[in-house]
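Structure data follow from entry-v8.txt (compact mmCIF, C-alpha atoms):
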# COMPACT_ATOMS: atom_id res chain seq x y z
CA MET L 1 48.18 95.73 -36.95
CA LYS L 2 44.67 94.41 -37.20
CA ARG L 3 42.39 95.17 -34.25
CA GLU L 4 39.06 93.65 -33.33
CA LEU L 5 36.44 95.21 -31.05
CA VAL L 6 34.59 92.88 -28.69
CA VAL L 7 31.53 94.29 -26.96
CA THR L 8 30.55 92.88 -23.56
CA PRO L 9 26.87 92.68 -22.50
CA LYS L 10 27.52 95.28 -19.78
CA PHE L 11 28.97 97.70 -22.34
CA LYS L 12 25.95 97.23 -24.63
CA ARG L 13 23.51 97.89 -21.78
CA THR L 14 25.39 100.93 -20.50
CA TYR L 15 25.90 102.30 -24.02
CA ARG L 16 22.16 102.17 -24.77
CA LYS L 17 21.31 104.01 -21.53
CA PHE L 18 24.12 106.52 -21.99
CA VAL L 19 23.16 107.40 -25.57
CA ARG L 20 19.46 107.55 -24.73
CA ARG L 21 20.21 110.32 -22.22
CA ASN L 22 22.42 112.25 -24.63
CA ARG L 23 21.80 111.59 -28.35
CA LYS L 24 24.54 114.02 -29.39
CA LEU L 25 27.20 111.71 -27.96
CA GLN L 26 26.24 108.76 -30.20
CA ASN L 27 28.21 110.08 -33.20
CA SER L 28 31.16 110.93 -30.98
CA VAL L 29 31.22 107.42 -29.49
CA GLU L 30 30.96 105.78 -32.91
CA GLU L 31 33.86 107.90 -34.21
CA THR L 32 35.89 107.01 -31.13
CA LEU L 33 35.30 103.29 -31.70
CA LYS L 34 36.46 103.62 -35.32
CA GLN L 35 39.56 105.50 -34.17
CA MET L 36 40.26 102.78 -31.59
CA GLN L 37 40.33 100.18 -34.35
CA GLU L 38 42.67 102.30 -36.47
CA ASP L 39 45.09 103.52 -33.79
CA ILE L 40 44.40 102.79 -30.14
CA TYR L 41 47.22 105.12 -29.08
CA SER L 42 46.09 108.15 -31.09
CA SER L 43 46.57 111.41 -29.26
CA LEU L 44 42.89 112.19 -29.93
CA LEU L 45 41.86 109.29 -27.69
CA ASN L 46 44.20 110.07 -24.79
CA THR L 47 44.47 106.34 -24.03
CA HIS L 48 45.85 105.72 -20.56
CA LYS L 49 46.38 102.88 -18.08
CA LEU L 50 44.20 102.74 -15.00
CA SER L 51 45.26 102.05 -11.44
CA GLY L 52 43.63 101.01 -8.21
CA THR L 53 40.66 98.65 -8.51
CA LEU L 54 40.78 98.98 -12.31
CA GLU L 55 44.49 98.19 -12.59
CA GLY L 56 45.32 96.32 -15.78
CA LEU L 57 42.59 98.08 -17.73
CA ARG L 58 42.79 101.12 -19.98
CA ALA L 59 40.51 104.05 -20.74
CA CYS L 60 40.12 106.59 -23.49
CA ILE L 61 38.20 109.81 -23.93
CA CYS L 62 35.24 110.11 -26.31
CA GLY L 63 34.02 113.59 -25.49
CA TYR L 64 34.37 116.13 -22.73
CA ASP L 65 33.00 113.95 -19.94
CA CYS L 66 32.75 110.55 -21.61
CA ARG L 67 35.14 107.65 -20.99
CA ILE L 68 35.39 104.16 -22.44
CA VAL L 69 37.01 101.51 -20.24
CA PHE L 70 38.52 98.55 -22.06
CA SER L 71 41.11 95.81 -21.89
CA LEU L 72 43.70 95.19 -24.57
CA GLU L 73 44.45 91.54 -25.26
CA GLN L 74 46.49 89.67 -27.81
CA GLY L 75 44.47 87.29 -29.98
CA SER L 76 45.87 84.61 -32.28
CA ASP L 77 46.07 86.89 -35.33
CA ALA L 78 44.97 90.32 -34.07
CA GLU L 79 44.86 92.64 -31.09
CA VAL L 80 41.53 92.38 -29.30
CA ILE L 81 39.94 95.43 -27.67
CA VAL L 82 37.34 94.28 -25.13
CA LEU L 83 34.92 97.13 -24.40
CA LEU L 84 33.90 96.95 -20.74
CA ASP L 85 32.16 100.18 -19.73
CA ILE L 86 31.19 103.63 -20.95
CA GLY L 87 29.98 106.69 -19.08
CA LYS L 88 30.92 109.90 -17.37
CA HIS L 89 34.24 110.11 -15.56
CA ASP L 90 32.76 109.57 -12.10
CA GLN L 91 30.53 106.68 -13.25
CA VAL L 92 33.23 104.47 -14.74
CA TYR L 93 36.12 105.08 -12.32

Turn this file's structure into structure tokens for me.
Amino acid sequence: MKRELVVTPKFKRTYRKFVRRNRKLQNSVEETLKQMQEDIYSSLLNTHKLSGTLEGLRACICGYDCRIVFSLEQGSDAEVIVLLDIGKHDQVY
């Protein structure tokens, strides 16, 4: 199935700050985004549903202490992955 990544302004802002603090994570995040487009449920991503105030959203792992929060929506001809937030575990949850 075809998947499309949609980046929100908040994700862009947070991504720039996050990568600026830790340049080594940039490659890891880019690889994770590619993997998300290929197979969102890959065991490498550890994609999981969230609960509580973030119920209805999902998250995946892109490094030891890096999480990407996103929503998964159905578009007219493709699945749409809306990237909402990125950061350390305690920052995004």

Taking only C-alpha atoms into account, produce a table as a tab-separated table in which each residue of segment 9-57 of chain L with an atom at most 12 Å from an atom of segment 64-80 of chain L appears once, together with its shortest atom pair and the distance in Å to one decimal, ordered by chain and rising number.
residue	atom	partner	partner_atom	distance
L:Lys10	CA	L:Val69	CA	11.4
L:Phe11	CA	L:Ile68	CA	9.1
L:Lys12	CA	L:Ile68	CA	11.9
L:Thr14	CA	L:Ile68	CA	10.7
L:Tyr15	CA	L:Ile68	CA	9.8
L:Phe18	CA	L:Cys66	CA	9.5
L:Val19	CA	L:Cys66	CA	10.8
L:Asn22	CA	L:Cys66	CA	10.9
L:Lys24	CA	L:Cys66	CA	11.8
L:Leu25	CA	L:Cys66	CA	8.5
L:Gln26	CA	L:Cys66	CA	10.9
L:Ser28	CA	L:Cys66	CA	9.5
L:Val29	CA	L:Cys66	CA	8.6
L:Glu30	CA	L:Ile68	CA	11.5
L:Thr32	CA	L:Ile68	CA	9.2
L:Leu33	CA	L:Ile68	CA	9.3
L:Met36	CA	L:Ile68	CA	10.5
L:Gln37	CA	L:Val80	CA	9.4
L:Glu38	CA	L:Glu79	CA	11.3
L:Asp39	CA	L:Glu79	CA	11.2
L:Ile40	CA	L:Leu72	CA	9.4
L:Tyr41	CA	L:Leu72	CA	11.5
L:Leu44	CA	L:Tyr64	CA	11.8
L:Leu45	CA	L:Arg67	CA	9.6
L:Asn46	CA	L:Arg67	CA	10.1
L:Thr47	CA	L:Ile68	CA	9.5
L:His48	CA	L:Val69	CA	9.8
L:Lys49	CA	L:Ser71	CA	9.6
L:Leu50	CA	L:Val69	CA	9.0
L:Leu54	CA	L:Val69	CA	9.1
L:Glu55	CA	L:Ser71	CA	10.2
L:Gly56	CA	L:Ser71	CA	7.4
L:Leu57	CA	L:Ser71	CA	5.0

Once you have the residues from the selection above, write them out as a short mmCIF file (atom, residue, chain, number, x, y, z; two decimals), in the coordinates of the input, restricted to C-alpha atoms.
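As written to disk, result09.cif reads:
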data_model
loop_
_atom_site.label_atom_id
_atom_site.label_comp_id
_atom_site.auth_asym_id
_atom_site.auth_seq_id
_atom_site.Cartn_x
_atom_site.Cartn_y
_atom_site.Cartn_z
CA LYS L 10 27.52 95.28 -19.78
CA PHE L 11 28.97 97.70 -22.34
CA LYS L 12 25.95 97.23 -24.63
CA THR L 14 25.39 100.93 -20.50
CA TYR L 15 25.90 102.30 -24.02
CA PHE L 18 24.12 106.52 -21.99
CA VAL L 19 23.16 107.40 -25.57
CA ASN L 22 22.42 112.25 -24.63
CA LYS L 24 24.54 114.02 -29.39
CA LEU L 25 27.20 111.71 -27.96
CA GLN L 26 26.24 108.76 -30.20
CA SER L 28 31.16 110.93 -30.98
CA VAL L 29 31.22 107.42 -29.49
CA GLU L 30 30.96 105.78 -32.91
CA THR L 32 35.89 107.01 -31.13
CA LEU L 33 35.30 103.29 -31.70
CA MET L 36 40.26 102.78 -31.59
CA GLN L 37 40.33 100.18 -34.35
CA GLU L 38 42.67 102.30 -36.47
CA ASP L 39 45.09 103.52 -33.79
CA ILE L 40 44.40 102.79 -30.14
CA TYR L 41 47.22 105.12 -29.08
CA LEU L 44 42.89 112.19 -29.93
CA LEU L 45 41.86 109.29 -27.69
CA ASN L 46 44.20 110.07 -24.79
CA THR L 47 44.47 106.34 -24.03
CA HIS L 48 45.85 105.72 -20.56
CA LYS L 49 46.38 102.88 -18.08
CA LEU L 50 44.20 102.74 -15.00
CA LEU L 54 40.78 98.98 -12.31
CA GLU L 55 44.49 98.19 -12.59
CA GLY L 56 45.32 96.32 -15.78
CA LEU L 57 42.59 98.08 -17.73
#

Taken to one decimal, the atom CA of Leu83 of chain L-atom CA of Arg58 of chain L distance is 9.9 Å

Tell me, in Å to one decimal, how far atom CA of Ser43 of chain L is from atom CA of Cys60 of chain L.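 Distance between the two atoms: 9.9 Å.
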
Measure the distance from atom CA of Asn27 of chain L to atom CA of Lys88 of chain L in Å and round it to one decimal. 16.1 Å

What box, with edges along x, y and z, holds each listed atom of segment 8-22 of chain L when 8 Å is added on every side, and can you state its centre and edge lengths in Å to one decimal, as AutoDock Vina command-line options?
--center_x 25.0 --center_y 102.5 --center_z -22.7 --size_x 27.1 --size_y 35.6 --size_z 21.8

Reconstructed segment 14-25 of chain L, atom set all heavy atoms, as a CSV table (one decimal), in the frame of the given file:
chain,number,residue,atom,x,y,z
L,14,THR,N,25.0,99.6,-20.9
L,14,THR,CA,25.4,100.9,-20.5
L,14,THR,C,25.4,101.9,-21.7
L,14,THR,O,25.0,103.0,-21.5
L,14,THR,CB,26.8,100.9,-19.8
L,14,THR,OG1,26.8,99.9,-18.8
L,14,THR,CG2,27.1,102.2,-19.2
L,15,TYR,N,25.9,101.4,-22.8
L,15,TYR,CA,25.9,102.3,-24.0
L,15,TYR,C,24.5,102.7,-24.4
L,15,TYR,O,24.3,103.9,-24.7
L,15,TYR,CB,26.6,101.5,-25.2
L,15,TYR,CG,26.5,102.3,-26.5
L,15,TYR,CD1,27.3,103.4,-26.8
L,15,TYR,CD2,25.6,101.9,-27.5
L,15,TYR,CE1,27.2,104.0,-28.0
L,15,TYR,CE2,25.5,102.5,-28.7
L,15,TYR,CZ,26.3,103.6,-28.9
L,15,TYR,OH,26.3,104.3,-30.1
L,16,ARG,N,23.5,101.8,-24.4
L,16,ARG,CA,22.2,102.2,-24.8
L,16,ARG,C,21.6,103.2,-23.8
L,16,ARG,O,21.0,104.2,-24.2
L,16,ARG,CB,21.3,100.9,-24.8
L,16,ARG,CG,21.4,100.1,-26.0
L,16,ARG,CD,20.2,99.1,-26.1
L,16,ARG,NE,20.2,98.2,-25.0
L,16,ARG,CZ,20.7,97.0,-25.0
L,16,ARG,NH1,21.2,96.5,-26.1
L,16,ARG,NH2,20.7,96.2,-23.9
L,17,LYS,N,21.8,103.0,-22.5
L,17,LYS,CA,21.3,104.0,-21.5
L,17,LYS,C,22.0,105.4,-21.7
L,17,LYS,O,21.4,106.4,-21.6
L,17,LYS,CB,21.5,103.5,-20.1
L,17,LYS,CG,20.6,102.3,-19.7
L,17,LYS,CD,21.0,101.9,-18.3
L,17,LYS,CE,20.2,100.7,-17.9
L,17,LYS,NZ,20.5,100.2,-16.6
L,18,PHE,N,23.3,105.3,-21.9
L,18,PHE,CA,24.1,106.5,-22.0
L,18,PHE,C,23.7,107.3,-23.2
L,18,PHE,O,23.5,108.6,-23.1
L,18,PHE,CB,25.6,106.1,-22.1
L,18,PHE,CG,26.5,107.3,-21.9
L,18,PHE,CD1,26.7,108.0,-20.7
L,18,PHE,CD2,27.3,107.7,-23.0
L,18,PHE,CE1,27.6,109.0,-20.6
L,18,PHE,CE2,28.2,108.8,-22.9
L,18,PHE,CZ,28.3,109.4,-21.7
L,19,VAL,N,23.5,106.7,-24.3
L,19,VAL,CA,23.2,107.4,-25.6
L,19,VAL,C,21.7,107.9,-25.5
L,19,VAL,O,21.4,108.9,-26.1
L,19,VAL,CB,23.4,106.5,-26.8
L,19,VAL,CG1,22.8,107.1,-28.1
L,19,VAL,CG2,24.9,106.2,-27.0
L,20,ARG,N,20.8,107.1,-24.9
L,20,ARG,CA,19.5,107.6,-24.7
L,20,ARG,C,19.4,108.9,-24.0
L,20,ARG,O,18.5,109.7,-24.3
L,20,ARG,CB,18.6,106.5,-24.0
L,20,ARG,CG,17.2,106.7,-24.1
L,20,ARG,CD,16.3,105.6,-23.5
L,20,ARG,NE,16.9,104.2,-23.6
L,20,ARG,CZ,17.0,103.4,-22.6
L,20,ARG,NH1,16.7,103.7,-21.3
L,20,ARG,NH2,17.6,102.2,-22.7
L,21,ARG,N,20.2,109.1,-23.0
L,21,ARG,CA,20.2,110.3,-22.2
L,21,ARG,C,20.8,111.5,-23.0
L,21,ARG,O,20.5,112.6,-22.7
L,21,ARG,CB,21.0,110.1,-20.9
L,21,ARG,CG,20.3,109.3,-19.9
L,21,ARG,CD,21.0,109.3,-18.6
L,21,ARG,NE,20.8,108.0,-18.0
L,21,ARG,CZ,21.7,107.2,-17.5
L,21,ARG,NH1,23.0,107.5,-17.5
L,21,ARG,NH2,21.4,106.0,-17.0
L,22,ASN,N,21.7,111.2,-23.9
L,22,ASN,CA,22.4,112.2,-24.6
L,22,ASN,C,22.7,111.8,-26.1
L,22,ASN,O,23.7,111.2,-26.4
L,22,ASN,CB,23.7,112.6,-23.9
L,22,ASN,CG,24.3,113.9,-24.5
L,22,ASN,OD1,23.9,114.4,-25.5
L,22,ASN,ND2,25.3,114.4,-23.8
L,23,ARG,N,21.7,112.0,-26.9
L,23,ARG,CA,21.8,111.6,-28.4
L,23,ARG,C,23.0,112.2,-29.1
L,23,ARG,O,23.5,111.6,-30.0
L,23,ARG,CB,20.5,112.0,-29.1
L,23,ARG,CG,19.3,111.2,-28.7
L,23,ARG,CD,19.2,109.9,-29.4
L,23,ARG,NE,18.1,109.2,-29.0
L,23,ARG,CZ,18.0,107.9,-29.1
L,23,ARG,NH1,19.0,107.2,-29.5
L,23,ARG,NH2,16.9,107.3,-28.7
L,24,LYS,N,23.4,113.4,-28.7
L,24,LYS,CA,24.5,114.0,-29.4
L,24,LYS,C,25.8,113.2,-29.3
L,24,LYS,O,26.7,113.3,-30.1
L,24,LYS,CB,24.8,115.4,-28.8
L,24,LYS,CG,23.6,116.4,-29.1
L,24,LYS,CD,23.9,117.7,-28.5
L,24,LYS,CE,22.7,118.6,-28.6
L,24,LYS,NZ,22.8,119.8,-27.8
L,25,LEU,N,26.0,112.5,-28.2
L,25,LEU,CA,27.2,111.7,-28.0
L,25,LEU,C,27.3,110.4,-28.8
L,25,LEU,O,28.4,109.9,-29.0
L,25,LEU,CB,27.3,111.3,-26.5
L,25,LEU,CG,27.8,112.4,-25.6
L,25,LEU,CD1,27.8,111.9,-24.1
L,25,LEU,CD2,29.2,112.8,-25.9
